[in-house]
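K.L.:
Data: model_16.pdb, PDB, N, CA and C atoms.
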```pdb
ATOM      1  N   MET A   1      94.132 135.836 103.373
ATOM      2  CA  MET A   1      92.788 136.346 103.113
ATOM      3  C   MET A   1      92.813 137.866 103.276
ATOM      4  N   ASN A   2      92.202 138.577 102.318
ATOM      5  CA  ASN A   2      92.166 140.033 102.419
ATOM      6  C   ASN A   2      90.975 140.471 103.285
ATOM      7  N   ILE A   3      90.927 141.758 103.577
ATOM      8  CA  ILE A   3      89.894 142.280 104.486
ATOM      9  C   ILE A   3      88.492 142.032 103.918
ATOM     10  N   LYS A   4      88.301 142.227 102.619
ATOM     11  CA  LYS A   4      86.974 142.006 102.033
ATOM     12  C   LYS A   4      86.522 140.572 102.265
ATOM     13  N   ASP A   5      87.401 139.630 102.017
ATOM     14  CA  ASP A   5      87.033 138.220 102.220
ATOM     15  C   ASP A   5      86.770 137.911 103.689
ATOM     16  N   GLU A   6      87.590 138.482 104.570
ATOM     17  CA  GLU A   6      87.363 138.290 106.009
ATOM     18  C   GLU A   6      86.021 138.869 106.434
ATOM     19  N   LEU A   7      85.683 140.040 105.890
ATOM     20  CA  LEU A   7      84.419 140.686 106.237
ATOM     21  C   LEU A   7      83.223 139.909 105.702
ATOM     22  N   LEU A   8      83.353 139.341 104.520
ATOM     23  CA  LEU A   8      82.260 138.517 103.998
ATOM     24  C   LEU A   8      81.996 137.333 104.917
ATOM     25  N   VAL A   9      83.044 136.741 105.456
ATOM     26  CA  VAL A   9      82.880 135.632 106.398
ATOM     27  C   VAL A   9      82.202 136.116 107.671
ATOM     28  N   ILE A  10      82.642 137.273 108.190
ATOM     29  CA  ILE A  10      82.035 137.833 109.401
ATOM     30  C   ILE A  10      80.554 138.114 109.163
ATOM     31  N   ILE A  11      80.246 138.778 108.054
ATOM     32  CA  ILE A  11      78.849 139.113 107.757
ATOM     33  C   ILE A  11      78.026 137.843 107.619
ATOM     34  N   ASP A  12      78.556 136.865 106.909
ATOM     35  CA  ASP A  12      77.836 135.606 106.726
ATOM     36  C   ASP A  12      77.612 134.909 108.066
ATOM     37  N   ASN A  13      78.634 134.888 108.914
ATOM     38  CA  ASN A  13      78.504 134.248 110.229
ATOM     39  C   ASN A  13      77.491 134.969 111.109
ATOM     40  N   GLU A  14      77.496 136.283 111.068
ATOM     41  CA  GLU A  14      76.654 137.068 111.972
ATOM     42  C   GLU A  14      75.201 137.168 111.503
ATOM     43  N   ILE A  15      74.993 137.343 110.198
ATOM     44  CA  ILE A  15      73.624 137.613 109.736
ATOM     45  C   ILE A  15      73.233 136.808 108.510
ATOM     46  N   GLY A  16      74.035 135.852 108.103
ATOM     47  CA  GLY A  16      73.750 135.077 106.897
ATOM     48  C   GLY A  16      72.360 134.477 106.872
ATOM     49  N   ASP A  17      71.886 134.004 108.016
ATOM     50  CA  ASP A  17      70.564 133.390 108.071
ATOM     51  C   ASP A  17      69.432 134.406 107.892
ATOM     52  N   ASP A  18      69.725 135.689 108.129
ATOM     53  CA  ASP A  18      68.698 136.727 108.024
ATOM     54  C   ASP A  18      68.600 137.330 106.625
ATOM     55  N   LEU A  19      69.563 137.031 105.759
ATOM     56  CA  LEU A  19      69.572 137.587 104.414
ATOM     57  C   LEU A  19      68.618 136.828 103.503
ATOM     58  N   ASN A  20      68.096 137.528 102.514
ATOM     59  CA  ASN A  20      67.228 136.902 101.522
ATOM     60  C   ASN A  20      68.033 136.206 100.425
ATOM     61  N   THR A  21      69.357 136.275 100.505
ATOM     62  CA  THR A  21      70.253 135.677  99.524
ATOM     63  C   THR A  21      71.587 135.408 100.206
ATOM     64  N   SER A  22      72.507 134.808  99.495
ATOM     65  CA  SER A  22      73.849 134.588 100.035
ATOM     66  C   SER A  22      74.620 135.902 100.029
ATOM     67  N   ILE A  23      75.371 136.150 101.063
ATOM     68  CA  ILE A  23      76.199 137.361 101.131
ATOM     69  C   ILE A  23      77.149 137.418  99.938
ATOM     70  N   TYR A  24      77.544 136.269  99.454
ATOM     71  CA  TYR A  24      78.500 136.199  98.350
ATOM     72  C   TYR A  24      77.873 136.557  97.003
ATOM     73  N   ASP A  25      76.552 136.656  96.952
ATOM     74  CA  ASP A  25      75.850 137.045  95.729
ATOM     75  C   ASP A  25      75.477 138.530  95.713
ATOM     76  N   ILE A  26      75.747 139.232  96.786
ATOM     77  CA  ILE A  26      75.371 140.644  96.881
ATOM     78  C   ILE A  26      76.475 141.506  96.273
ATOM     79  N   PRO A  27      76.136 142.338  95.292
ATOM     80  CA  PRO A  27      77.128 143.270  94.736
ATOM     81  C   PRO A  27      77.659 144.192  95.835
ATOM     82  N   LEU A  28      78.938 144.507  95.761
ATOM     83  CA  LEU A  28      79.622 145.256  96.821
ATOM     84  C   LEU A  28      79.003 146.617  97.117
ATOM     85  N   ASN A  29      78.365 147.236  96.128
ATOM     86  CA  ASN A  29      77.815 148.574  96.337
ATOM     87  C   ASN A  29      76.301 148.600  96.533
ATOM     88  N   ASP A  30      75.671 147.443  96.616
ATOM     89  CA  ASP A  30      74.231 147.399  96.894
ATOM     90  C   ASP A  30      73.968 147.650  98.378
ATOM     91  N   GLU A  31      72.893 148.386  98.661
ATOM     92  CA  GLU A  31      72.508 148.605 100.057
ATOM     93  C   GLU A  31      72.042 147.286 100.659
ATOM     94  N   LEU A  32      72.597 146.942 101.792
ATOM     95  CA  LEU A  32      72.285 145.670 102.433
ATOM     96  C   LEU A  32      70.833 145.586 102.892
ATOM     97  N   PHE A  33      70.214 146.723 103.142
ATOM     98  CA  PHE A  33      68.835 146.733 103.628
ATOM     99  C   PHE A  33      67.861 146.132 102.617
ATOM    100  N   GLN A  34      68.197 146.210 101.336
ATOM    101  CA  GLN A  34      67.294 145.634 100.328
ATOM    102  C   GLN A  34      67.350 144.108 100.317
ATOM    103  N   TYR A  35      68.252 143.541 101.102
ATOM    104  CA  TYR A  35      68.370 142.084 101.183
ATOM    105  C   TYR A  35      67.822 141.532 102.498
ATOM    106  N   GLY A  36      67.055 142.346 103.192
ATOM    107  CA  GLY A  36      66.325 141.850 104.355
ATOM    108  C   GLY A  36      66.990 142.042 105.700
ATOM    109  N   ILE A  37      68.034 142.852 105.770
ATOM    110  CA  ILE A  37      68.632 143.083 107.084
ATOM    111  C   ILE A  37      68.181 144.432 107.620
ATOM    112  N   ASP A  38      68.392 144.616 108.917
ATOM    113  CA  ASP A  38      67.999 145.859 109.571
ATOM    114  C   ASP A  38      69.128 146.350 110.467
ATOM    115  N   SER A  39      68.858 147.382 111.231
ATOM    116  CA  SER A  39      69.905 147.988 112.058
ATOM    117  C   SER A  39      70.422 147.034 113.131
ATOM    118  N   LEU A  40      69.580 146.138 113.626
ATOM    119  CA  LEU A  40      70.049 145.154 114.604
ATOM    120  C   LEU A  40      71.045 144.184 113.969
ATOM    121  N   ASN A  41      70.801 143.820 112.713
ATOM    122  CA  ASN A  41      71.749 142.973 111.997
ATOM    123  C   ASN A  41      73.083 143.694 111.817
ATOM    124  N   ILE A  42      73.007 144.977 111.500
ATOM    125  CA  ILE A  42      74.237 145.764 111.330
ATOM    126  C   ILE A  42      75.017 145.790 112.637
ATOM    127  N   MET A  43      74.318 145.909 113.766
ATOM    128  CA  MET A  43      75.010 145.900 115.062
ATOM    129  C   MET A  43      75.708 144.557 115.296
ATOM    130  N   LYS A  44      75.106 143.459 114.873
ATOM    131  CA  LYS A  44      75.760 142.154 114.987
ATOM    132  C   LYS A  44      77.043 142.126 114.169
ATOM    133  N   VAL A  45      76.982 142.692 112.966
ATOM    134  CA  VAL A  45      78.172 142.758 112.118
ATOM    135  C   VAL A  45      79.251 143.597 112.784
ATOM    136  N   ILE A  46      78.863 144.734 113.332
ATOM    137  CA  ILE A  46      79.833 145.613 114.003
ATOM    138  C   ILE A  46      80.488 144.883 115.173
ATOM    139  N   LEU A  47      79.699 144.180 115.951
ATOM    140  CA  LEU A  47      80.264 143.424 117.077
ATOM    141  C   LEU A  47      81.214 142.334 116.584
ATOM    142  N   GLY A  48      80.872 141.687 115.487
ATOM    143  CA  GLY A  48      81.759 140.682 114.905
ATOM    144  C   GLY A  48      83.071 141.283 114.432
ATOM    145  N   ILE A  49      82.993 142.483 113.843
ATOM    146  CA  ILE A  49      84.193 143.194 113.395
ATOM    147  C   ILE A  49      85.051 143.567 114.593
ATOM    148  N   GLU A  50      84.421 144.111 115.622
ATOM    149  CA  GLU A  50      85.170 144.509 116.818
ATOM    150  C   GLU A  50      85.884 143.315 117.439
ATOM    151  N   GLU A  51      85.221 142.178 117.464
ATOM    152  CA  GLU A  51      85.822 140.981 118.042
ATOM    153  C   GLU A  51      86.972 140.469 117.169
ATOM    154  N   LYS A  52      86.763 140.386 115.873
ATOM    155  CA  LYS A  52      87.782 139.855 114.952
ATOM    156  C   LYS A  52      89.040 140.707 114.957
ATOM    157  N   TYR A  53      88.881 142.019 114.896
ATOM    158  CA  TYR A  53      90.014 142.922 114.740
ATOM    159  C   TYR A  53      90.446 143.601 116.035
ATOM    160  N   ASP A  54      89.791 143.272 117.146
ATOM    161  CA  ASP A  54      90.125 143.849 118.446
ATOM    162  C   ASP A  54      90.139 145.377 118.401
ATOM    163  N   VAL A  55      89.052 145.921 117.872
ATOM    164  CA  VAL A  55      88.856 147.367 117.813
ATOM    165  C   VAL A  55      87.539 147.707 118.484
ATOM    166  N   VAL A  56      87.361 148.968 118.801
ATOM    167  CA  VAL A  56      86.106 149.457 119.358
ATOM    168  C   VAL A  56      85.709 150.700 118.570
ATOM    169  N   TYR A  57      84.481 150.700 118.086
ATOM    170  CA  TYR A  57      83.975 151.867 117.371
ATOM    171  C   TYR A  57      83.393 152.861 118.355
ATOM    172  N   ASP A  58      83.769 154.122 118.195
ATOM    173  CA  ASP A  58      83.198 155.204 118.987
ATOM    174  C   ASP A  58      81.813 155.537 118.431
ATOM    175  N   ASP A  59      80.998 156.168 119.247
ATOM    176  CA  ASP A  59      79.630 156.502 118.837
ATOM    177  C   ASP A  59      79.596 157.279 117.528
ATOM    178  N   GLU A  60      80.508 158.226 117.346
ATOM    179  CA  GLU A  60      80.486 159.044 116.133
ATOM    180  C   GLU A  60      80.856 158.240 114.882
ATOM    181  N   GLU A  61      81.481 157.089 115.052
ATOM    182  CA  GLU A  61      81.826 156.230 113.915
ATOM    183  C   GLU A  61      80.668 155.314 113.516
ATOM    184  N   LEU A  62      79.660 155.249 114.333
ATOM    185  CA  LEU A  62      78.563 154.316 114.113
ATOM    186  C   LEU A  62      77.407 154.929 113.329
ATOM    187  N   ASN A  63      77.721 155.634 112.241
ATOM    188  CA  ASN A  63      76.627 156.141 111.415
ATOM    189  C   ASN A  63      76.321 155.123 110.317
ATOM    190  N   ILE A  64      75.102 155.067 109.911
ATOM    191  CA  ILE A  64      74.609 154.019 109.022
ATOM    192  C   ILE A  64      75.318 154.031 107.669
ATOM    193  N   GLU A  65      75.773 155.182 107.207
ATOM    194  CA  GLU A  65      76.456 155.249 105.916
ATOM    195  C   GLU A  65      77.727 154.408 105.905
ATOM    196  N   ASN A  66      78.362 154.253 107.065
ATOM    197  CA  ASN A  66      79.590 153.459 107.155
ATOM    198  C   ASN A  66      79.347 151.959 107.034
ATOM    199  N   PHE A  67      78.102 151.538 107.143
ATOM    200  CA  PHE A  67      77.780 150.115 107.173
ATOM    201  C   PHE A  67      76.632 149.754 106.225
ATOM    202  N   MET A  68      76.346 150.610 105.271
ATOM    203  CA  MET A  68      75.200 150.421 104.389
ATOM    204  C   MET A  68      75.473 149.415 103.269
ATOM    205  N   THR A  69      76.717 149.326 102.814
ATOM    206  CA  THR A  69      77.091 148.401 101.744
ATOM    207  C   THR A  69      78.330 147.625 102.175
ATOM    208  N   ILE A  70      78.619 146.551 101.462
ATOM    209  CA  ILE A  70      79.833 145.792 101.763
ATOM    210  C   ILE A  70      81.060 146.660 101.503
ATOM    211  N   SER A  71      81.034 147.448 100.432
ATOM    212  CA  SER A  71      82.154 148.355 100.140
ATOM    213  C   SER A  71      82.364 149.365 101.260
ATOM    214  N   ALA A  72      81.268 149.920 101.771
ATOM    215  CA  ALA A  72      81.370 150.898 102.860
ATOM    216  C   ALA A  72      81.935 150.245 104.119
ATOM    217  N   ILE A  73      81.509 149.026 104.393
ATOM    218  CA  ILE A  73      82.025 148.315 105.564
ATOM    219  C   ILE A  73      83.529 148.075 105.398
ATOM    220  N   CYS A  74      83.940 147.628 104.220
ATOM    221  CA  CYS A  74      85.373 147.404 103.958
ATOM    222  C   CYS A  74      86.173 148.687 104.172
ATOM    223  N   HIS A  75      85.675 149.775 103.600
ATOM    224  CA  HIS A  75      86.369 151.063 103.747
ATOM    225  C   HIS A  75      86.456 151.477 105.213
ATOM    226  N   THR A  76      85.356 151.328 105.934
ATOM    227  CA  THR A  76      85.314 151.704 107.345
ATOM    228  C   THR A  76      86.299 150.889 108.166
ATOM    229  N   VAL A  77      86.362 149.586 107.909
ATOM    230  CA  VAL A  77      87.277 148.714 108.662
ATOM    231  C   VAL A  77      88.719 149.042 108.298
ATOM    232  N   GLU A  78      89.008 149.203 107.018
ATOM    233  CA  GLU A  78      90.373 149.556 106.607
ATOM    234  C   GLU A  78      90.812 150.857 107.254
ATOM    235  N   GLU A  79      89.914 151.842 107.266
ATOM    236  CA  GLU A  79      90.206 153.126 107.900
ATOM    237  C   GLU A  79      90.438 152.950 109.392
ATOM    238  N   LYS A  80      89.601 152.170 110.033
ATOM    239  CA  LYS A  80      89.714 151.929 111.470
ATOM    240  C   LYS A  80      91.041 151.230 111.793
ATOM    241  N   LEU A  81      91.386 150.226 111.033
ATOM    242  CA  LEU A  81      92.642 149.511 111.280
ATOM    243  C   LEU A  81      93.845 150.417 111.024
ATOM    244  N   GLY A  82      93.736 151.291 110.046
ATOM    245  CA  GLY A  82      94.815 152.257 109.795
ATOM    246  C   GLY A  82      94.954 153.237 110.943
ATOM    247  N   ASN A  83      93.818 153.640 111.531
ATOM    248  CA  ASN A  83      93.834 154.571 112.652
ATOM    249  C   ASN A  83      94.326 153.910 113.932
ATOM    250  N   GLU A  84      94.139 152.586 114.037
ATOM    251  CA  GLU A  84      94.525 151.865 115.255
ATOM    252  C   GLU A  84      96.005 151.555 115.286
ATOM    253  N   ASN A  85      96.634 151.478 114.087
ATOM    254  CA  ASN A  85      98.046 151.084 114.031
ATOM    255  C   ASN A  85      98.965 152.259 114.174
TER     256      ASN A  85
END
```
Written as C-alpha cells, how would this file's structure read?
P.N.:
Amino acid sequence: MNIKDELLVIIDNEIGDDLNTSIYDIPLNDELFQYGIDSLNIMKVILGIEEKYDVVYDDEELNIENFMTISAICHTVEEKLGNEN
C-alpha cells in the first residue's frame, strides 16, 4: 500500500463519520473543509498520522496549509518521513 492509500484509510478511520461524503470520493486537491470537517477533525488526522508512522509534528509544521487537502497531507507526510529517515 502506498502512502496515499494509507492516508485515506487513516483519514477515513479518524473522521470518516464527520464527512458529508466518502473520503474516497473527494478529489485530491479539494479543500477538506468544504466536506464538513473542521480544525478538530484535522487534529484527529494528525494524531492518526503520528501514531501510524511514529512521528511527531513540531508546532511550526502544524499550519493549516499542510493539511488542507489530501494532496497536501500526502506531501507533508512524505516530507516528514523523508526528514525522519
K.L.:
Check chain A with DSSP on the backbone and list each residue it calls alpha helix (DSSP H), as a PyMOL selection string.
P.N.:
chain A and resi 3-15+39-53+70-84
K.L.:
Restricting the output to N, CA and C atoms, write the selected residues as a compact mmCIF listing (two decimals), in the frame of the given file.
P.N.:
```txt
# COMPACT_ATOMS: atom_id res chain seq x y z
N ILE A 3 90.93 141.76 103.58
CA ILE A 3 89.89 142.28 104.49
C ILE A 3 88.49 142.03 103.92
N LYS A 4 88.30 142.23 102.62
CA LYS A 4 86.97 142.01 102.03
C LYS A 4 86.52 140.57 102.26
N ASP A 5 87.40 139.63 102.02
CA ASP A 5 87.03 138.22 102.22
C ASP A 5 86.77 137.91 103.69
N GLU A 6 87.59 138.48 104.57
CA GLU A 6 87.36 138.29 106.01
C GLU A 6 86.02 138.87 106.43
N LEU A 7 85.68 140.04 105.89
CA LEU A 7 84.42 140.69 106.24
C LEU A 7 83.22 139.91 105.70
N LEU A 8 83.35 139.34 104.52
CA LEU A 8 82.26 138.52 104.00
C LEU A 8 82.00 137.33 104.92
N VAL A 9 83.04 136.74 105.46
CA VAL A 9 82.88 135.63 106.40
C VAL A 9 82.20 136.12 107.67
N ILE A 10 82.64 137.27 108.19
CA ILE A 10 82.04 137.83 109.40
C ILE A 10 80.55 138.11 109.16
N ILE A 11 80.25 138.78 108.05
CA ILE A 11 78.85 139.11 107.76
C ILE A 11 78.03 137.84 107.62
N ASP A 12 78.56 136.86 106.91
CA ASP A 12 77.84 135.61 106.73
C ASP A 12 77.61 134.91 108.07
N ASN A 13 78.63 134.89 108.91
CA ASN A 13 78.50 134.25 110.23
C ASN A 13 77.49 134.97 111.11
N GLU A 14 77.50 136.28 111.07
CA GLU A 14 76.65 137.07 111.97
C GLU A 14 75.20 137.17 111.50
N ILE A 15 74.99 137.34 110.20
CA ILE A 15 73.62 137.61 109.74
C ILE A 15 73.23 136.81 108.51
N SER A 39 68.86 147.38 111.23
CA SER A 39 69.90 147.99 112.06
C SER A 39 70.42 147.03 113.13
N LEU A 40 69.58 146.14 113.63
CA LEU A 40 70.05 145.15 114.60
C LEU A 40 71.04 144.18 113.97
N ASN A 41 70.80 143.82 112.71
CA ASN A 41 71.75 142.97 112.00
C ASN A 41 73.08 143.69 111.82
N ILE A 42 73.01 144.98 111.50
CA ILE A 42 74.24 145.76 111.33
C ILE A 42 75.02 145.79 112.64
N MET A 43 74.32 145.91 113.77
CA MET A 43 75.01 145.90 115.06
C MET A 43 75.71 144.56 115.30
N LYS A 44 75.11 143.46 114.87
CA LYS A 44 75.76 142.15 114.99
C LYS A 44 77.04 142.13 114.17
N VAL A 45 76.98 142.69 112.97
CA VAL A 45 78.17 142.76 112.12
C VAL A 45 79.25 143.60 112.78
N ILE A 46 78.86 144.73 113.33
CA ILE A 46 79.83 145.61 114.00
C ILE A 46 80.49 144.88 115.17
N LEU A 47 79.70 144.18 115.95
CA LEU A 47 80.26 143.42 117.08
C LEU A 47 81.21 142.33 116.58
N GLY A 48 80.87 141.69 115.49
CA GLY A 48 81.76 140.68 114.90
C GLY A 48 83.07 141.28 114.43
N ILE A 49 82.99 142.48 113.84
CA ILE A 49 84.19 143.19 113.40
C ILE A 49 85.05 143.57 114.59
N GLU A 50 84.42 144.11 115.62
CA GLU A 50 85.17 144.51 116.82
C GLU A 50 85.88 143.32 117.44
N GLU A 51 85.22 142.18 117.46
CA GLU A 51 85.82 140.98 118.04
C GLU A 51 86.97 140.47 117.17
N LYS A 52 86.76 140.39 115.87
CA LYS A 52 87.78 139.85 114.95
C LYS A 52 89.04 140.71 114.96
N TYR A 53 88.88 142.02 114.90
CA TYR A 53 90.01 142.92 114.74
C TYR A 53 90.45 143.60 116.04
N ILE A 70 78.62 146.55 101.46
CA ILE A 70 79.83 145.79 101.76
C ILE A 70 81.06 146.66 101.50
N SER A 71 81.03 147.45 100.43
CA SER A 71 82.15 148.35 100.14
C SER A 71 82.36 149.36 101.26
N ALA A 72 81.27 149.92 101.77
CA ALA A 72 81.37 150.90 102.86
C ALA A 72 81.94 150.24 104.12
N ILE A 73 81.51 149.03 104.39
CA ILE A 73 82.02 148.32 105.56
C ILE A 73 83.53 148.07 105.40
N CYS A 74 83.94 147.63 104.22
CA CYS A 74 85.37 147.40 103.96
C CYS A 74 86.17 148.69 104.17
N HIS A 75 85.68 149.78 103.60
CA HIS A 75 86.37 151.06 103.75
C HIS A 75 86.46 151.48 105.21
N THR A 76 85.36 151.33 105.93
CA THR A 76 85.31 151.70 107.34
C THR A 76 86.30 150.89 108.17
N VAL A 77 86.36 149.59 107.91
CA VAL A 77 87.28 148.71 108.66
C VAL A 77 88.72 149.04 108.30
N GLU A 78 89.01 149.20 107.02
CA GLU A 78 90.37 149.56 106.61
C GLU A 78 90.81 150.86 107.25
N GLU A 79 89.91 151.84 107.27
CA GLU A 79 90.21 153.13 107.90
C GLU A 79 90.44 152.95 109.39
N LYS A 80 89.60 152.17 110.03
CA LYS A 80 89.71 151.93 111.47
C LYS A 80 91.04 151.23 111.79
N LEU A 81 91.39 150.23 111.03
CA LEU A 81 92.64 149.51 111.28
C LEU A 81 93.84 150.42 111.02
N GLY A 82 93.74 151.29 110.05
CA GLY A 82 94.82 152.26 109.80
C GLY A 82 94.95 153.24 110.94
N ASN A 83 93.82 153.64 111.53
CA ASN A 83 93.83 154.57 112.65
C ASN A 83 94.33 153.91 113.93
N GLU A 84 94.14 152.59 114.04
CA GLU A 84 94.52 151.86 115.26
C GLU A 84 96.00 151.56 115.29
```
K.L.:
How would you write, as a VMD selection string, the residues chosen by the PyMOL selection byres (((chain A and resi 6 and name CA) around 12) and name CA) on this structure?
P.N.:
chain A and resid 1 to 5 7 to 13 24 45 48 to 49 52 to 53 70 73 to 74 77 to 78
K.L.:
Write a file of the just-selected residues containing N, CA and C atoms, as a CSV table (one decimal), in the coordinates of the input.
P.N.:
```csv
chain,number,residue,atom,x,y,z
A,1,MET,N,94.1,135.8,103.4
A,1,MET,CA,92.8,136.3,103.1
A,1,MET,C,92.8,137.9,103.3
A,2,ASN,N,92.2,138.6,102.3
A,2,ASN,CA,92.2,140.0,102.4
A,2,ASN,C,91.0,140.5,103.3
A,3,ILE,N,90.9,141.8,103.6
A,3,ILE,CA,89.9,142.3,104.5
A,3,ILE,C,88.5,142.0,103.9
A,4,LYS,N,88.3,142.2,102.6
A,4,LYS,CA,87.0,142.0,102.0
A,4,LYS,C,86.5,140.6,102.3
A,5,ASP,N,87.4,139.6,102.0
A,5,ASP,CA,87.0,138.2,102.2
A,5,ASP,C,86.8,137.9,103.7
A,7,LEU,N,85.7,140.0,105.9
A,7,LEU,CA,84.4,140.7,106.2
A,7,LEU,C,83.2,139.9,105.7
A,8,LEU,N,83.4,139.3,104.5
A,8,LEU,CA,82.3,138.5,104.0
A,8,LEU,C,82.0,137.3,104.9
A,9,VAL,N,83.0,136.7,105.5
A,9,VAL,CA,82.9,135.6,106.4
A,9,VAL,C,82.2,136.1,107.7
A,10,ILE,N,82.6,137.3,108.2
A,10,ILE,CA,82.0,137.8,109.4
A,10,ILE,C,80.6,138.1,109.2
A,11,ILE,N,80.2,138.8,108.1
A,11,ILE,CA,78.8,139.1,107.8
A,11,ILE,C,78.0,137.8,107.6
A,12,ASP,N,78.6,136.9,106.9
A,12,ASP,CA,77.8,135.6,106.7
A,12,ASP,C,77.6,134.9,108.1
A,13,ASN,N,78.6,134.9,108.9
A,13,ASN,CA,78.5,134.2,110.2
A,13,ASN,C,77.5,135.0,111.1
A,24,TYR,N,77.5,136.3,99.5
A,24,TYR,CA,78.5,136.2,98.4
A,24,TYR,C,77.9,136.6,97.0
A,45,VAL,N,77.0,142.7,113.0
A,45,VAL,CA,78.2,142.8,112.1
A,45,VAL,C,79.3,143.6,112.8
A,48,GLY,N,80.9,141.7,115.5
A,48,GLY,CA,81.8,140.7,114.9
A,48,GLY,C,83.1,141.3,114.4
A,49,ILE,N,83.0,142.5,113.8
A,49,ILE,CA,84.2,143.2,113.4
A,49,ILE,C,85.1,143.6,114.6
A,52,LYS,N,86.8,140.4,115.9
A,52,LYS,CA,87.8,139.9,115.0
A,52,LYS,C,89.0,140.7,115.0
A,53,TYR,N,88.9,142.0,114.9
A,53,TYR,CA,90.0,142.9,114.7
A,53,TYR,C,90.4,143.6,116.0
A,70,ILE,N,78.6,146.6,101.5
A,70,ILE,CA,79.8,145.8,101.8
A,70,ILE,C,81.1,146.7,101.5
A,73,ILE,N,81.5,149.0,104.4
A,73,ILE,CA,82.0,148.3,105.6
A,73,ILE,C,83.5,148.1,105.4
A,74,CYS,N,83.9,147.6,104.2
A,74,CYS,CA,85.4,147.4,104.0
A,74,CYS,C,86.2,148.7,104.2
A,77,VAL,N,86.4,149.6,107.9
A,77,VAL,CA,87.3,148.7,108.7
A,77,VAL,C,88.7,149.0,108.3
A,78,GLU,N,89.0,149.2,107.0
A,78,GLU,CA,90.4,149.6,106.6
A,78,GLU,C,90.8,150.9,107.3
```
K.L.:
If I take atom CA of A:Met68 and atom C of A:Thr21, how far is one from the other in Å, to one decimal?
P.N.:
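So the answer is 16.0 Å.
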K.L.:
Per residue of stretch 6-49 of chain A within 10 Å of stretch 55-67 of chain A, record the nearest atom pair and its distance in Å to one decimal, counting only C-alpha atoms, with rows in chain order and ascending residue number, as a Markdown table.
P.N.:
```
| residue | atom | partner | partner_atom | distance |
| --- | --- | --- | --- | --- |
| A:Glu31 | CA | A:Phe67 | CA | 9.0 |
| A:Leu32 | CA | A:Phe67 | CA | 8.5 |
| A:Ser39 | CA | A:Ile64 | CA | 8.2 |
| A:Ile42 | CA | A:Phe67 | CA | 7.0 |
| A:Met43 | CA | A:Leu62 | CA | 9.2 |
| A:Val45 | CA | A:Phe67 | CA | 8.9 |
| A:Ile46 | CA | A:Tyr57 | CA | 8.2 |
| A:Leu47 | CA | A:Val56 | CA | 8.7 |
| A:Ile49 | CA | A:Val55 | CA | 7.7 |
```
K.L.:
Name the residues within 6.5 Å of (71.5, 141.8, 105.7), counting all atoms listed in the file in the file's coordinates, and put them as a ChimeraX atom specification.
P.N.:
/A:15,18-20,32-33,35-38,41
K.L.:
Could you work out how far atom C of A:Ser22 lies from atom C of A:Glu50, giving the answer in Å with one decimal?
P.N.:
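We find that atom C of A:Glu50 and atom C of A:Ser22 lie 22.0 Å from each other.
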K.L.:
Can you measure atom CA of A:Leu28 to atom C of A:Thr76 for me? One decimal in Å is fine.
P.N.:
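According to the coordinates, atom CA of A:Leu28 and atom C of A:Thr76 are separated by 14.3 Å.
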K.L.:
With 8 Å on each side, where is the centre of the axis-aligned box around all listed atoms of stretch 25-32 of chain A, and how long are its edges in Å to one decimal, as lines of an AutoDock Vina configuration file?
P.N.:
```
center_x = 75.2
center_y = 142.6
center_z = 98.8
size_x = 24.8
size_y = 27.9
size_z = 24.2
```
K.L.:
From the set A:Lys44, A:Asn29, A:Gln34, A:Asp54, which residue has the shortest atom-to-atom contact distance to A:Ser71, counting only N, CA and C atoms?
P.N.:
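With only N, CA and C atoms as the atom set, the closest residue is A:Asn29.
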K.L.:
Restrict the output to stretch 41-49 of chain A and N, CA, C and O atoms, then write it as a CSV table (one decimal), in the first residue's frame.
P.N.:
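And here is the file that came out, decode_20.csv:
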```csv
chain,number,residue,atom,x,y,z
A,41,ASN,N,-11.1,18.0,13.5
A,41,ASN,CA,-11.0,16.8,12.7
A,41,ASN,C,-9.6,16.7,12.1
A,41,ASN,O,-9.0,15.6,12.1
A,42,ILE,N,-9.0,17.8,11.7
A,42,ILE,CA,-7.6,17.8,11.2
A,42,ILE,C,-6.7,17.3,12.3
A,42,ILE,O,-5.8,16.5,12.0
A,43,MET,N,-6.9,17.8,13.5
A,43,MET,CA,-6.0,17.3,14.6
A,43,MET,C,-6.2,15.8,14.8
A,43,MET,O,-5.2,15.1,15.1
A,44,LYS,N,-7.4,15.2,14.7
A,44,LYS,CA,-7.5,13.8,14.8
A,44,LYS,C,-6.7,13.1,13.7
A,44,LYS,O,-6.1,12.1,13.9
A,45,VAL,N,-6.7,13.6,12.5
A,45,VAL,CA,-6.0,13.1,11.4
A,45,VAL,C,-4.5,13.1,11.7
A,45,VAL,O,-3.7,12.2,11.5
A,46,ILE,N,-4.0,14.3,12.2
A,46,ILE,CA,-2.6,14.4,12.5
A,46,ILE,C,-2.2,13.4,13.6
A,46,ILE,O,-1.2,12.8,13.5
A,47,LEU,N,-3.0,13.2,14.6
A,47,LEU,CA,-2.7,12.2,15.6
A,47,LEU,C,-2.7,10.8,15.1
A,47,LEU,O,-1.8,10.0,15.4
A,48,GLY,N,-3.6,10.5,14.1
A,48,GLY,CA,-3.6,9.2,13.5
A,48,GLY,C,-2.3,9.0,12.7
A,48,GLY,O,-1.7,7.9,12.7
A,49,ILE,N,-1.8,10.1,12.0
A,49,ILE,CA,-0.6,10.0,11.2
A,49,ILE,C,0.6,9.8,12.1
A,49,ILE,O,1.4,9.0,11.9
```
